[in-house]
There are 2 protein chains.
Amino acid sequence: MSIITIIGSGLMGSAMSVPAGDNGHEVRLVGTPLDREIIRSLREKGQHPTLPCALPGNIKPFQFEDVRMALTGADLIICGVSSFGVDWFTEAALPLLPGNVPVLNVTKGLLGYPDGRLETFPHFFASRRPDISFAAIGGPCTSYELGDRRQTLVCYCSDNLATARYARDLLKTPYYHIVPTTDVIGVEVSVALKNAFAMGVSLAIGMSERENEKQNSVPQQKNSLISGAHDGKLHYNPQAALFAQSCIEMRRLVRLLGGNGDLAGGIPGAGDLYVTIFGGRTRRLGTLLGKGLPYSEVKALLANVTLEAVSVITRVAEALRIRAGRQEVNLQKFPLLLHLDALLNQEAPLALDWENFGESGMPEDVCK
Amino acid sequence: MSIITIIGSGLMGSAMSVPAGDNGHEVRLVGTPLDREIIRSLREKGQHPTLPCALPGNIKPFQFEDVRMALTGADLIICGVSSFGVDWFTEAALPLLPGNVPVLNVTKGLLGYPDGRLETFPHFFASRRPDISFAAIGGPCTSYELGDRRQTLVCYCSDNLATARYARDLLKTPYYHIVPTTDVIGVEVSVALKNAFAMGVSLAIGMSERENEKQNSVPQQKNSLISGAHDGKLHYNPQAALFAQSCIEMRRLVRLLGGNGDLAGGIPGAGDLYVTIFGGRTRRLGTLLGKGLPYSEVKALLANVTLEAVSVITRVAEALRIRAGRQEVNLQKFPLLLHLDALLNQEAPLALDWENFGESGMPEDVCK
């Protein structure tokens, strides 16, 4: 039995306590200052207010003022904050972490710099705490379903393969499967972009819905035996085209930043994109934009929703433009991502550049 | 204006008449001997009995006995039969084709040989008619939606890039987008396997449904604003894991056969897999197997359904075993495909090898 300390008790941080607890570890779940009510609910009722699953019995909830106690003797620390909590984590939590304990990061996103550099969170954290070995999780894993112990497959990436394996050995269960890898760029760039491109694919859902509203009568195909099957309401050719284009642009960005493009067409890329499309928030953003609403209206409709897609699209598009100014990248290779940016940041009308989507797979296309 | 002759008036062959007709070409749609009623309906009522879209006016339907007339003066010939019609096409139609007219093939599948060789249809046709230049279509394109002129993105592949471009120039429209490529293996192996792996991903749908039936009460998430969004009924972590594993094994097979693996994570691979999962027949097969029914029962339930997935899984698994016997391939790199084969051909109980799914993206993993 080991001690695993999770900092951040939102959905994903808390869901990580399920495999950790099921493996018999002592799990110390530490709330951020925004998580006070969650920790109180866990202490008083043994229930998480938003994660509906049955949590293992061996979870000890801590308010953040007790974080030092929660860190004492920890064998693994999990950073469980969302990308909007990274600044807080960096200032308030990172300096407190013991130097000899590996950190596993669930946060998804990329940091942008004025020179067009994009940095993953594990690399950023390591630059602040070079005495700690960092790993990060990427792959299709909704917190609800991990909490419900559904079959789940993810990558743990780290510059130090031993760290990824160490975390894997502590957390793998018969329902939570983990592939360790050193391809930090391949994993982290793919999972950051999956939010961006889940919005992209969802544009086609909104386009279908608008079309259906215009037509009023939609031919219904009989598929009632199969839940979620093609019902004639949504159009899958355009969705699938945008899905493919998303994978292509993820792969291009991974390669541009020095990773192995394969993972963009695997667990953290295509796989995580798939689950994110069916996940809710980002789908809703893309669907509303796909119906033709300008982002200013969409933003008002989604006032209470945290939109990681918006920040990653904005940051990556900005980095690409800076690099294009130095002739390091051909912007025509990212027509979907740049249009997503235009929709969000220039109130551009929806106009997908279908003519320039796709790739030939031939050498001249791959190298560019 | 050119003359485009389509042989095979089933769903996909007929749907190809839509972009062809919209471009102002003379379209000659020739039925196979199984298509007599379709051609009769088109002649008498101007309606296709199973494809519900509005067909362009410039389509001339031909029964097969008039095929020579339909071929006279053709600028492009489209082979529009399904993989179950390939033997017929090879015997009855291929010998009649003029030598100087390119042929574009919509058929998806692979041929297997006793030495473990797998052959694409354009390569097989070219071996029979070396005087003809063949191209083939691969990508996410359901016939219904192409017929409805939904935005669609596909690859046209050919050993001769000029042939792919020639067909593209004749058929591209503002809704039908075509990327020419010489990566015939990358396109054709991916699109053949998409049927196999759509069954694979659908296993998770059946697993969800069985689970839900056991539990009776399913927590419902409120997403009613978004059609098709996560409703708590289906579990997307396992679906997405199988989706990623499918892309990984497609890429491995493409590389094994000498193609560029990128396309397995692009239009003909991930993209076509996405649309096929939502398409109907193959989803139903996988869902029923995922619910735990043995294939003998599933086969009885699906008596009237054409299952390309079954033949491609059987052929590819057989080829892999033959090659593994010669130490040319490591069967452990295809755990999903081989389990699909075991489900179908050995009545094996459902037991997914989650532990061996995934890839690290690291060099030793990529090369194997």
# chains A, B, ... in the order shown; residues from 1 in each chain; ligands from 1
>>> interface_residues(of="chain B", to="chain A", cutoff="7 Å", atoms="only C-alpha atoms", output="PyMOL selection string")
chain B and resi 140-142+145+150-153+177+179-183+226+228-230+235-238+240-241+243-245+247-248+260+262-263+265-267+270-272+274-275+278-280+284+354-355+358-362
>>> select_by_dssp(residues="segment 6-209 of chain A", states="strand (DSSP E)", output="ChimeraX atom specification")
/A:6-7,26-30,59-62,76-79,103-105,110-112,118-120,134-138,152-157,176-181
>>> residues_around(residues="Lys108 of chain B", least_positions_apart="6", cutoff="7 Å", atoms="only C-alpha atoms", output="JSON, numbers by chain")
{"B": [82, 83, 191, 192]}
>>> residues_around(residues="Leu104 of chain B", least_positions_apart="3", cutoff="6 Å", atoms="only C-alpha atoms", output="list in words")
Ile78, Phe134, Ala135 and Ala136 of chain B
>>> write_last_selection(atoms="N, CA and C atoms", output="PDB file, in the first residue's frame")
ATOM      1  N   ILE B  78     -16.975   3.901 -63.745  1.00  0.00           N
ATOM      2  CA  ILE B  78     -16.968   3.687 -62.296  1.00  0.00           C
ATOM      3  C   ILE B  78     -17.456   2.274 -62.020  1.00  0.00           C
ATOM      4  N   PHE B 134      -6.347   2.129 -63.153  1.00  0.00           N
ATOM      5  CA  PHE B 134      -7.387   2.055 -62.123  1.00  0.00           C
ATOM      6  C   PHE B 134      -7.134   3.063 -60.999  1.00  0.00           C
ATOM      7  N   ALA B 135      -8.214   3.593 -60.484  1.00  0.00           N
ATOM      8  CA  ALA B 135      -8.172   4.397 -59.265  1.00  0.00           C
ATOM      9  C   ALA B 135      -9.246   3.858 -58.328  1.00  0.00           C
ATOM     10  N   ALA B 136      -9.217   4.280 -57.070  1.00  0.00           N
ATOM     11  CA  ALA B 136     -10.222   3.818 -56.114  1.00  0.00           C
ATOM     12  C   ALA B 136     -10.520   4.921 -55.116  1.00  0.00           C
TER      13      ALA B 136
END
>>> atom_distance(atom1="atom CA of Ile3 of chain A", atom2="atom CA of Leu170 of chain A")
9.7 Å
>>> atom_distance(atom1="atom CA of Ala15 of chain A", atom2="atom CA of Pro61 of chain A")
13.3 Å
>>> select_by_dssp(residues="segment 48-247 of chain B", states="helix (DSSP H, G or I)", output="JSON, numbers by chain")
{"B": [64, 65, 66, 67, 68, 69, 70, 71, 83, 84, 85, 86, 87, 88, 89, 90, 91, 92, 93, 94, 95, 96, 121, 122, 123, 124, 125, 126, 127, 128, 143, 144, 145, 146, 147, 161, 162, 163, 164, 165, 166, 167, 168, 169, 170, 171, 184, 185, 186, 187, 188, 189, 190, 191, 192, 193, 194, 195, 196, 197, 198, 199, 200, 201, 202, 203, 204, 205, 206, 207, 208, 209, 210, 211, 212, 213, 214, 215, 236, 237, 238, 239, 240, 241, 242, 243, 244, 245, 246, 247]}
>>> residues_around(residues="Gly99 of chain A", least_positions_apart="4", cutoff="9 Å", atoms="only C-alpha atoms", output="list in words")
Arg129, Pro130, Asp131, Ile132 and Ser133 of chain A
>>> residues_around(residues="His48 of chain A", least_positions_apart="6", cutoff="12 Å", atoms="only C-alpha atoms", output="number ranges by chain")
A: 9-15, 17, 29, 31, 35-42, 54-56, 59, 61, 144, 147
>>> write_last_selection(atoms="N, CA, C and O atoms", output="short mmCIF file (atom, residue, chain, number, x, y, z; two decimals), in the first residue's frame")
data_model
loop_
_atom_site.label_atom_id
_atom_site.label_comp_id
_atom_site.auth_asym_id
_atom_site.auth_seq_id
_atom_site.Cartn_x
_atom_site.Cartn_y
_atom_site.Cartn_z
N SER A 9 -9.86 18.67 -6.18
CA SER A 9 -10.91 17.67 -5.99
C SER A 9 -12.11 17.94 -6.89
O SER A 9 -13.24 17.61 -6.57
N GLY A 10 -11.84 18.52 -8.06
CA GLY A 10 -12.88 18.63 -9.09
C GLY A 10 -13.18 17.25 -9.65
O GLY A 10 -12.80 16.23 -9.07
N LEU A 11 -13.83 17.22 -10.81
CA LEU A 11 -14.28 15.94 -11.34
C LEU A 11 -13.13 14.98 -11.61
O LEU A 11 -13.12 13.84 -11.15
N MET A 12 -12.11 15.44 -12.37
CA MET A 12 -11.09 14.49 -12.76
C MET A 12 -10.15 14.15 -11.61
O MET A 12 -9.76 12.99 -11.43
N GLY A 13 -9.80 15.15 -10.80
CA GLY A 13 -8.96 14.86 -9.64
C GLY A 13 -9.64 13.83 -8.74
O GLY A 13 -9.02 12.84 -8.31
N SER A 14 -10.90 14.03 -8.49
CA SER A 14 -11.63 13.10 -7.62
C SER A 14 -11.79 11.73 -8.26
O SER A 14 -11.70 10.70 -7.58
N ALA A 15 -12.03 11.71 -9.57
CA ALA A 15 -12.18 10.41 -10.25
C ALA A 15 -10.91 9.58 -10.14
O ALA A 15 -10.96 8.35 -10.08
N SER A 17 -9.19 9.21 -7.68
CA SER A 17 -9.17 8.51 -6.39
C SER A 17 -9.79 7.12 -6.50
O SER A 17 -9.58 6.27 -5.63
N LEU A 29 -7.22 13.32 -0.68
CA LEU A 29 -7.79 14.20 -1.69
C LEU A 29 -7.86 15.62 -1.13
O LEU A 29 -8.62 15.91 -0.21
N GLY A 31 -8.56 19.58 -1.53
CA GLY A 31 -9.28 20.57 -2.31
C GLY A 31 -8.46 21.83 -2.53
O GLY A 31 -7.63 22.20 -1.69
N ASP A 35 -12.53 24.48 -3.89
CA ASP A 35 -13.16 23.17 -3.68
C ASP A 35 -13.69 22.99 -2.25
O ASP A 35 -14.01 21.86 -1.85
N ARG A 36 -13.81 24.07 -1.50
CA ARG A 36 -14.15 23.93 -0.07
C ARG A 36 -15.42 23.11 0.15
O ARG A 36 -15.49 22.23 1.02
N GLU A 37 -16.43 23.38 -0.68
CA GLU A 37 -17.71 22.70 -0.48
C GLU A 37 -17.61 21.21 -0.82
O GLU A 37 -18.29 20.38 -0.22
N ILE A 38 -16.78 20.92 -1.80
CA ILE A 38 -16.60 19.52 -2.18
C ILE A 38 -15.99 18.74 -1.01
O ILE A 38 -16.47 17.67 -0.63
N ILE A 39 -14.95 19.32 -0.44
CA ILE A 39 -14.27 18.63 0.67
C ILE A 39 -15.21 18.52 1.87
O ILE A 39 -15.28 17.47 2.53
N ARG A 40 -15.96 19.59 2.13
CA ARG A 40 -16.91 19.54 3.23
C ARG A 40 -17.94 18.42 3.00
O ARG A 40 -18.24 17.65 3.91
N SER A 41 -18.45 18.33 1.80
CA SER A 41 -19.44 17.29 1.48
C SER A 41 -18.84 15.89 1.64
O SER A 41 -19.47 14.98 2.18
N LEU A 42 -17.59 15.74 1.19
CA LEU A 42 -16.94 14.43 1.33
C LEU A 42 -16.76 14.08 2.80
O LEU A 42 -16.93 12.93 3.21
N ALA A 54 -19.67 5.80 -6.74
CA ALA A 54 -19.35 5.32 -5.39
C ALA A 54 -17.85 5.43 -5.17
O ALA A 54 -17.07 4.74 -5.82
N LEU A 55 -17.43 6.31 -4.28
CA LEU A 55 -15.99 6.47 -4.03
C LEU A 55 -15.52 5.38 -3.07
O LEU A 55 -16.25 4.95 -2.18
N PRO A 56 -14.28 4.92 -3.25
CA PRO A 56 -13.74 3.91 -2.34
C PRO A 56 -13.69 4.44 -0.91
O PRO A 56 -13.63 5.66 -0.68
N ILE A 59 -10.55 7.02 1.15
CA ILE A 59 -10.22 8.38 0.71
C ILE A 59 -10.30 9.32 1.90
O ILE A 59 -11.31 9.36 2.60
N PRO A 61 -10.36 13.21 2.80
CA PRO A 61 -10.47 14.56 2.23
C PRO A 61 -9.74 15.59 3.11
O PRO A 61 -9.83 15.54 4.34
N TYR A 144 -16.64 10.86 -15.18
CA TYR A 144 -17.83 10.08 -14.81
C TYR A 144 -17.60 8.59 -15.05
O TYR A 144 -17.91 7.75 -14.21
N GLY A 147 -14.98 7.08 -12.85
CA GLY A 147 -15.62 6.89 -11.55
C GLY A 147 -16.54 5.68 -11.52
O GLY A 147 -16.66 4.99 -10.51
#
>>> closest_residue(among="B:Ile4, B:Glu65, B:Phe334, B:Glu318", to="Gly80 of chain B", atoms="only C-alpha atoms")
B:Ile4
